[in-house]
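**Q** What follows is query.txt, compact mmCIF, C-alpha atoms.
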```
# COMPACT_ATOMS: atom_id res chain seq x y z
CA ILE A 1 0.00 0.00 0.00
CA PHE A 2 2.84 2.36 0.89
CA VAL A 3 4.57 1.76 -2.46
CA LEU A 4 1.35 2.19 -4.45
CA LEU A 5 0.51 5.46 -2.71
CA GLN A 6 3.99 6.96 -2.80
CA LYS A 7 5.71 5.80 -6.00
CA LYS A 8 4.25 8.66 -8.06
CA THR A 9 5.25 11.39 -5.61
CA ILE A 10 8.60 10.28 -4.20
CA LYS A 11 11.55 8.17 -5.26
CA VAL A 12 10.93 4.83 -3.60
CA ASN A 13 13.89 3.25 -1.83
CA TYR A 14 13.30 -0.44 -2.51
CA VAL A 15 15.98 -1.54 -0.04
CA GLU A 16 14.14 0.39 2.68
CA ILE A 17 10.80 -1.04 1.56
CA THR A 18 12.19 -4.59 1.61
CA LEU A 19 13.61 -4.11 5.12
CA SER A 20 10.29 -2.66 6.27
CA VAL A 21 8.33 -5.61 4.89
CA LEU A 22 10.74 -8.09 6.50
CA ALA A 23 10.44 -6.22 9.82
CA PHE A 24 6.64 -6.30 9.48
CA ILE A 25 6.65 -10.08 8.88
CA PHE A 26 9.04 -10.58 11.81
CA VAL A 27 6.77 -8.55 14.14
CA ILE A 28 3.74 -10.64 13.14
CA PHE A 29 5.72 -13.87 13.64
CA LEU A 30 6.91 -12.63 17.05
CA ALA A 31 3.39 -11.62 18.14
CA PHE A 32 2.00 -15.05 17.23
CA LYS A 33 4.85 -16.84 19.02
CA ILE A 34 4.60 -14.78 22.23
CA ALA A 35 0.80 -14.51 22.60
CA PRO A 36 0.06 -18.19 23.50
CA ILE A 37 2.86 -18.48 26.09
CA TYR A 38 0.49 -17.67 28.99
CA TYR A 39 -3.17 -18.56 29.33
CA ASP A 40 -5.64 -15.74 29.92
CA PHE A 41 -7.13 -16.39 33.38
CA SER A 42 -8.45 -12.81 33.75
CA PHE A 43 -12.03 -12.27 34.92
CA ASP A 44 -13.29 -10.14 32.00
CA GLY A 45 -11.25 -12.21 29.57
CA GLN A 46 -13.07 -15.40 30.45
CA ALA A 47 -16.40 -13.78 31.39
CA TYR A 48 -17.14 -12.22 28.00
CA GLN A 49 -14.12 -11.10 25.92
CA GLN A 50 -13.12 -14.62 24.84
CA LYS A 51 -16.77 -15.65 24.53
CA GLY A 52 -17.43 -12.79 22.08
CA THR A 53 -14.48 -13.83 19.93
CA ILE A 54 -15.50 -17.51 20.03
CA ALA A 55 -19.08 -16.66 19.01
CA LEU A 56 -17.90 -14.66 15.98
CA LYS A 57 -15.43 -17.39 14.98
CA GLU A 58 -18.19 -19.99 15.11
CA GLY A 59 -20.35 -17.97 12.72
CA TRP A 60 -22.46 -15.63 14.85
CA ASN A 61 -23.46 -12.55 12.84
CA PRO A 62 -24.78 -9.88 15.24
CA LEU A 63 -26.63 -8.02 12.44
CA TYR A 64 -28.68 -10.98 11.25
CA ASP A 65 -28.63 -13.65 13.93
CA GLY A 66 -30.01 -11.60 16.80
CA GLU A 67 -28.76 -11.46 20.37
CA LEU A 68 -26.97 -14.30 22.14
CA GLY A 69 -28.51 -13.43 25.49
CA ASP A 70 -25.28 -12.13 27.00
CA LEU A 71 -25.67 -8.41 27.82
CA TRP A 72 -22.00 -7.51 27.31
CA ILE A 73 -21.33 -9.59 24.19
CA ASP A 74 -24.53 -8.46 22.49
CA HIS A 75 -24.04 -4.72 23.04
CA TYR A 76 -20.40 -3.82 23.68
CA ALA A 77 -18.06 -2.57 20.93
CA LYS A 78 -16.62 -5.54 19.04
CA GLY A 79 -13.67 -4.10 17.07
CA ASN A 80 -10.90 -6.17 18.63
CA TRP A 81 -13.12 -9.27 18.60
CA TYR A 82 -13.37 -9.12 14.80
CA ILE A 83 -9.59 -9.22 14.39
CA SER A 84 -9.17 -11.79 17.18
CA ALA A 85 -11.82 -14.01 15.59
CA VAL A 86 -9.86 -13.99 12.33
CA PHE A 87 -6.72 -15.10 14.19
CA TYR A 88 -8.68 -17.84 15.95
CA ALA A 89 -10.35 -19.02 12.74
CA ALA A 90 -7.03 -19.06 10.85
CA PHE A 91 -5.01 -21.03 13.40
CA ASP A 92 -7.70 -22.69 15.56
CA GLN A 93 -5.88 -21.71 18.76
CA LEU A 94 -7.83 -19.53 21.19
CA GLU A 95 -4.85 -18.07 23.04
CA LEU A 96 -3.49 -16.69 19.75
CA ILE A 97 -6.16 -13.98 19.85
CA LYS A 98 -3.91 -12.06 22.27
CA ALA A 99 -1.53 -11.42 19.34
CA TYR A 100 -3.65 -8.32 18.69
CA ASN A 101 -2.25 -6.78 21.90
CA PHE A 102 1.34 -7.28 20.73
CA LEU A 103 0.63 -5.95 17.24
CA MET A 104 -0.85 -2.78 18.78
CA PHE A 105 2.20 -2.49 21.03
CA PHE A 106 4.56 -2.66 18.03
CA ALA A 107 2.32 -0.28 16.06
CA VAL A 108 2.59 2.44 18.69
CA LEU A 109 6.31 1.77 19.21
CA PHE A 110 7.13 2.30 15.52
CA ASN A 111 4.76 5.27 15.27
CA LEU A 112 6.53 6.90 18.22
CA ILE A 113 9.96 6.24 16.72
CA ALA A 114 8.83 7.89 13.45
CA PHE A 115 7.32 10.83 15.34
CA LEU A 116 10.40 11.43 17.51
CA LYS A 117 12.67 11.07 14.48
CA ASN A 118 10.57 13.74 12.76
CA LEU A 119 11.17 16.00 15.76
CA ASN A 120 14.93 15.39 15.33
CA VAL A 121 15.25 13.61 18.68
CA HIS A 122 18.69 11.99 18.88
CA VAL A 123 18.71 8.27 18.14
CA LEU A 124 20.12 7.53 21.63
CA PHE A 125 16.94 8.96 23.16
CA ASN A 126 14.48 8.13 20.38
CA ILE A 127 13.99 4.39 20.92
CA PRO A 128 14.14 4.47 24.79
CA LEU A 129 11.54 7.28 24.88
CA ALA A 130 9.32 5.43 22.40
CA LEU A 131 9.63 2.22 24.40
CA VAL A 132 8.73 3.93 27.70
CA ALA A 133 5.66 5.57 26.15
CA ALA A 134 4.52 2.36 24.44
CA ALA A 135 5.08 0.19 27.52
CA ASN A 136 2.61 1.96 29.80
CA PRO A 137 1.52 -0.03 32.90
CA VAL A 138 -2.02 -0.75 31.69
CA THR A 139 -0.85 -2.11 28.34
CA ILE A 140 1.95 -4.21 29.86
CA THR A 141 -0.18 -5.83 32.58
CA GLN A 142 -2.90 -6.74 30.04
CA LEU A 143 -0.64 -8.02 27.23
CA PHE A 144 -1.40 -11.67 28.01
CA THR A 145 -5.13 -11.11 28.55
CA THR A 146 -8.08 -10.31 26.30
CA TYR A 147 -8.98 -7.17 28.28
CA ASN A 148 -9.36 -4.19 25.95
CA ASP A 149 -8.29 -1.33 28.29
CA GLY A 150 -4.63 -1.92 27.41
CA LEU A 151 -5.40 -1.29 23.73
CA ILE A 152 -6.75 2.22 24.34
CA GLY A 153 -3.41 3.81 25.30
CA PRO A 154 -1.56 2.62 22.17
CA ALA A 155 -4.53 3.45 19.96
CA LEU A 156 -4.75 7.00 21.39
CA ILE A 157 -1.05 7.63 20.83
CA CYS A 158 -1.29 6.30 17.25
CA LEU A 159 -4.27 8.63 16.69
CA MET A 160 -2.38 11.66 18.04
CA ILE A 161 0.65 10.91 15.87
CA SER A 162 -1.51 10.34 12.77
CA ILE A 163 -3.16 13.75 13.37
CA TYR A 164 0.29 15.37 13.62
CA PHE A 165 1.46 13.90 10.29
CA ALA A 166 -1.89 14.51 8.54
CA LEU A 167 -1.84 18.20 9.44
CA LYS A 168 1.87 18.53 8.66
CA GLU A 169 1.59 17.00 5.19
CA LYS A 170 -1.80 16.44 3.56
CA SER A 171 -0.85 13.22 1.76
CA THR A 172 -3.02 10.23 0.92
CA LEU A 173 -0.83 7.97 3.01
CA ASN A 174 -1.04 10.17 6.13
CA TYR A 175 -4.82 10.41 5.85
CA CYS A 176 -5.16 6.63 5.33
CA VAL A 177 -3.32 6.05 8.61
CA PHE A 178 -5.46 8.72 10.28
CA VAL A 179 -8.72 7.09 9.10
CA ALA A 180 -7.52 3.66 10.24
CA ALA A 181 -6.62 5.05 13.68
CA ILE A 182 -10.12 6.53 14.15
CA VAL A 183 -11.87 3.34 12.99
CA ILE A 184 -9.79 1.11 15.28
CA ILE A 185 -10.01 3.20 18.45
CA SER A 186 -13.75 3.92 18.06
CA ASN A 187 -14.51 0.21 18.10
CA ILE A 188 -12.31 -0.89 21.00
CA LYS A 189 -14.57 0.47 23.72
CA PHE A 190 -17.31 3.10 24.13
CA THR A 191 -15.10 5.32 26.30
CA ALA A 192 -12.34 5.10 23.67
CA PHE A 193 -14.74 6.61 21.15
CA GLY A 194 -15.23 9.58 23.50
CA TYR A 195 -11.47 10.00 23.91
CA ALA A 196 -11.03 9.93 20.11
CA VAL A 197 -13.60 12.70 19.61
CA ILE A 198 -11.81 14.89 22.20
CA VAL A 199 -8.35 14.25 20.71
CA CYS A 200 -9.56 14.99 17.17
CA GLY A 201 -11.11 18.25 18.41
CA VAL A 202 -7.85 19.54 19.92
CA PRO A 203 -6.41 20.95 16.62
CA ILE A 204 -9.59 22.97 16.06
CA VAL A 205 -9.47 24.34 19.62
CA TYR A 206 -5.79 25.18 19.05
CA MET A 207 -6.72 27.07 15.87
CA ILE A 208 -9.39 29.06 17.71
CA VAL A 209 -7.08 29.93 20.60
CA THR A 210 -4.08 30.93 18.47
CA ASN A 211 -5.95 33.07 15.91
CA THR A 212 -8.19 36.13 16.02
CA VAL A 213 -11.93 35.79 15.46
CA ARG A 214 -11.62 37.59 12.11
CA SER A 215 -9.02 35.16 10.80
CA TRP A 216 -10.74 31.95 11.93
CA TRP A 217 -12.57 31.27 8.66
CA SER A 218 -9.60 31.95 6.38
CA VAL A 219 -7.26 29.80 8.53
CA PHE A 220 -9.88 27.05 8.69
CA LYS A 221 -10.35 26.99 4.89
CA LYS A 222 -6.62 27.01 4.27
CA GLN A 223 -5.41 24.48 6.85
CA TYR A 224 -8.24 22.53 8.47
CA VAL A 225 -11.15 21.97 6.09
CA HIS A 226 -9.77 18.66 4.73
CA TYR A 227 -8.96 17.53 8.25
CA VAL A 228 -12.51 18.19 9.51
CA LEU A 229 -14.22 16.56 6.50
CA ILE A 230 -12.05 13.42 6.71
CA THR A 231 -12.48 13.27 10.51
CA VAL A 232 -16.29 13.41 10.24
CA ALA A 233 -16.30 10.83 7.42
CA SER A 234 -14.00 8.55 9.45
CA PHE A 235 -16.25 8.65 12.52
CA LEU A 236 -19.30 7.93 10.35
CA LEU A 237 -17.43 4.95 8.85
CA ALA A 238 -16.39 3.79 12.33
CA ILE A 239 -19.91 4.04 13.80
CA LEU A 240 -22.33 3.29 10.96
CA PHE A 241 -20.35 0.57 9.17
CA VAL A 242 -17.63 -1.05 11.30
CA GLY A 243 -19.50 -0.36 14.55
CA SER A 244 -22.98 -1.11 13.24
CA THR A 245 -23.29 -4.22 15.41
CA SER A 246 -22.99 -2.09 18.55
CA TYR A 247 -23.64 1.62 17.99
CA VAL A 248 -26.41 1.25 15.37
CA LEU A 249 -28.14 -1.81 16.81
CA ASN A 250 -28.05 -0.36 20.34
CA THR A 251 -29.67 2.85 19.10
CA ILE A 252 -32.38 1.02 17.15
CA GLU A 253 -33.20 -1.56 19.81
CA HIS A 254 -32.50 0.32 23.05
CA GLY A 255 -32.56 4.02 22.15
CA HIS A 256 -28.90 4.78 22.92
CA PRO A 257 -25.62 3.95 21.08
CA PHE A 258 -23.80 3.32 24.38
CA TYR A 259 -26.35 0.89 25.85
CA PRO A 260 -26.08 -0.83 28.38
CA LEU A 261 -23.86 1.85 29.97
CA ALA A 262 -26.29 4.64 29.09
CA GLY A 263 -29.92 5.09 28.06
CA GLU A 264 -33.08 3.50 29.38
CA GLY A 265 -32.37 0.41 31.46
CA LYS A 266 -28.68 1.25 31.79
CA VAL A 267 -26.50 -0.89 34.05
CA ASP A 268 -24.26 0.66 36.73
CA ILE A 269 -20.98 -1.26 36.49
CA MET A 270 -18.91 1.24 38.48
CA THR A 271 -20.40 1.24 41.98
CA ALA A 272 -19.90 -2.49 42.51
CA ASN A 273 -16.34 -2.40 41.14
CA MET A 274 -14.86 0.62 42.89
CA PRO A 275 -13.59 0.75 46.51
CA GLN A 276 -16.66 1.09 48.69
CA SER A 277 -15.08 3.99 50.60
CA PHE A 278 -15.42 5.99 47.34
CA VAL A 279 -19.22 5.79 47.48
CA GLY A 280 -20.59 9.25 48.28
CA MET A 281 -17.32 11.07 47.50
CA SER A 282 -17.27 13.92 44.99
CA TRP A 283 -15.70 13.13 41.61
CA SER A 284 -12.78 15.45 42.37
CA GLU A 285 -11.93 13.69 45.64
CA LYS A 286 -12.22 10.27 43.98
CA LEU A 287 -9.90 11.45 41.21
CA PHE A 288 -7.33 12.83 43.66
CA ARG A 289 -7.36 9.73 45.88
CA SER A 290 -7.19 7.35 42.92
CA LEU A 291 -4.13 9.14 41.51
CA PHE A 292 -2.14 9.83 44.68
CA SER A 293 -2.83 6.75 46.83
CA GLU A 294 -0.82 3.55 47.09
CA THR A 295 -1.30 1.23 44.13
CA ALA A 296 -3.71 -1.45 45.32
CA ASN A 297 -6.58 -3.62 44.17
CA PHE A 298 -9.42 -3.99 46.65
CA ILE A 299 -13.11 -3.18 47.07
CA GLU A 300 -13.37 -3.28 50.85
CA GLY A 301 -10.90 -0.89 52.45
CA GLU A 302 -9.62 2.67 52.45
CA PRO A 303 -7.13 3.99 49.84
CA LYS A 304 -3.95 5.16 51.56
CA LEU A 305 -2.49 8.48 50.40
CA LYS A 306 1.31 8.41 50.04
CA ASN A 307 4.36 10.41 49.02
CA PRO A 308 4.03 10.21 45.20
CA PHE A 309 7.81 9.97 44.76
CA THR A 310 8.07 6.71 46.73
CA VAL A 311 7.32 3.08 45.88
CA SER A 312 6.62 0.43 48.53
CA GLU A 313 7.10 -3.34 48.24
CA ARG A 314 3.34 -3.75 48.70
CA GLU A 315 2.72 -1.55 45.64
CA VAL A 316 5.15 -3.54 43.51
CA LYS A 317 3.27 -6.75 44.34
CA SER A 318 -0.08 -5.13 43.50
CA SER A 319 1.12 -3.70 40.20
CA GLY A 320 0.89 -7.00 38.36
CA ASP A 321 -2.92 -7.15 38.59
CA VAL A 322 -4.68 -6.66 35.27
CA ASP A 323 -7.44 -4.34 36.54
CA ILE A 324 -6.02 -2.37 39.48
CA ARG A 325 -8.62 -0.16 41.15
CA ILE A 326 -6.39 2.31 43.01
CA ALA A 327 -3.54 4.19 41.26
CA GLY A 328 -3.93 1.82 38.34
CA VAL A 329 -1.47 3.62 36.07
CA GLY A 330 1.44 2.68 38.32
CA PRO A 331 3.01 3.64 41.68
CA LEU A 332 4.91 6.58 40.14
CA PHE A 333 2.07 8.03 38.09
CA GLY A 334 1.34 10.69 40.72
CA ALA A 335 4.96 11.82 40.58
CA SER A 336 4.88 11.78 36.77
CA LEU A 337 1.74 13.91 36.81
CA ILE A 338 3.28 16.51 39.14
CA LEU A 339 6.47 16.74 37.06
CA THR A 340 4.46 16.98 33.83
CA ILE A 341 2.39 19.89 35.18
CA ILE A 342 5.57 21.68 36.33
CA ALA A 343 7.22 21.09 32.94
CA ALA A 344 4.12 22.36 31.11
CA LEU A 345 4.01 25.53 33.25
```
Go through the file and emit its structure as structure tokens.
**A**
Amino acid sequence: IFVLLQKKTIKVNYVEITLSVLAFIFVIFLAFKIAPIYYDFSFDGQAYQQKGTIALKEGWNPLYDGELGDLWIDHYAKGNWYISAVFYAAFDQLELIKAYNFLMFFAVLFNLIAFLKNLNVHVLFNIPLALVAAANPVTITQLFTTYNDGLIGPALICLMISIYFALKEKSTLNYCVFVAAIVIISNIKFTAFGYAVIVCGVPIVYMIVTNTVRSWWSVFKKQYVHYVLITVASFLLAILFVGSTSYVLNTIEHGHPFYPLAGEGKVDIMTANMPQSFVGMSWSEKLFRSLFSETANFIEGEPKLKNPFTVSEREVKSSGDVDIRIAGVGPLFGASLILTIIAAL
């Protein structure tokens, strides 16, 4: 695809293309070798994620066959299940479906390397920085599971980078990657769709903030009109076509695209899953305590605030859980957040 799109506009380096293709094949081979090493014993993985993939592999068509009778499988976004079902159908090995996690990890790693290289970051810092950003705690702890939370971080970073390149150079290739990023992230999870909308809106907000009211229209026509049209078309493709088995069916049958998390008859999945001491707290206090407490995974108990620049042995042991409830982005996330705010100021 890269060669077909670029051979008319640039001189194609066939040695580079060959190396890229070989690297691509190697990454796929590696993902399929690593994924089955550990079984997925996670709760969500066995409760509905694997079941959704198995149902699709065995021929279930959500558009025509009706509901299976499982609330989460019938109505949740199914994007990663489609790809996982193809892996399962091709190789007839259930644990291979986790290869999707590793492919997303490599996708964001190479995107970050390209992005940092474009910013002229020295090669000694480029790969380590890309690796640290790609290997976030949520993604790493869920690599050997079929949870989908760990896919959101990589997908968001890929989306941000694709926006950067699309706005920098309005090429067919850059917009193809941008469209793919929107379609993939919108169908991982309902919340991921919301994040994608916010991220895609940032360039427009930036334009409004950095220009006068009188110049908005001229700047928009010159720099952003293609971006907005392709963004809208991409979301329509992601929702009405790829996501028709969730967003469209949920709207038709239950009056809301995000059912069962919203709309009439919605199900509250948060209260039963969060620490019970959070019940009754304001959202701001819950946010503060969840970011600056010790990393832990419990429902009964009180989150313990800590010095954000320290890590205890108890936190290290808790950090391997796949769905940590308190300080789930790692024991040092609070410190990272403080330093990031200082750096931004």
**Q** Excluding Gln223 of chain A and its own-chain neighbours fewer than 2 positions away, which residues fall within 10 Å of it when counting only C-alpha atoms? Please give them as a list of chain:residue names.
**A**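 Listed by chain and then number, they are A:Leu167, A:Lys168, A:Lys170, A:Met207, A:Ser218, A:Val219, A:Phe220, A:Lys221, A:Val225, A:His226, A:Tyr227, A:Val228.
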**Q** With all atoms listed in the file as the counted atoms, please give the residues lying no more than 8 Å from Glu264 of chain A, apart from itself and same-chain residues fewer than 6 positions off, as a VMD selection string.
**A** chain A and resid 254 to 256
**Q** Smallest atom-to-atom distance to Thr145 of chain A: which of A:Phe193, A:Phe43, A:Phe298, A:Phe105, using only C-alpha atoms?
**A** A:Phe43
**Q** With all atoms listed in the file as the basis for distance, which of A:Thr271, A:Thr245, A:Gln49, A:Thr295 is at the shortest distance from Leu94 of chain A?
**A**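 Distance minimum relative to Leu94 of chain A lands on A:Gln49.
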**Q** So which one's closest to Pro62 of chain A, A:Val248, A:Ala31, A:Met270, A:Ile326? Using all atoms listed in the file, please.
**A**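 Between A:Val248, A:Ala31, A:Met270, A:Ile326, the residue approaching Pro62 of chain A most closely is A:Val248.
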**Q** With distances taken over all atoms listed in the file, which of A:Ile230, A:Ala114, A:Ala343, A:Ile185 is nearest to Thr172 of chain A?
**A** A:Ile230
**Q** Could you tell me how far atom CA of Pro275 of chain A lies from atom CA of Gly45 of chain A, in Å and to one decimal?
**A**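 Going from atom CA of Pro275 of chain A over to atom CA of Gly45 of chain A covers 21.5 Å.
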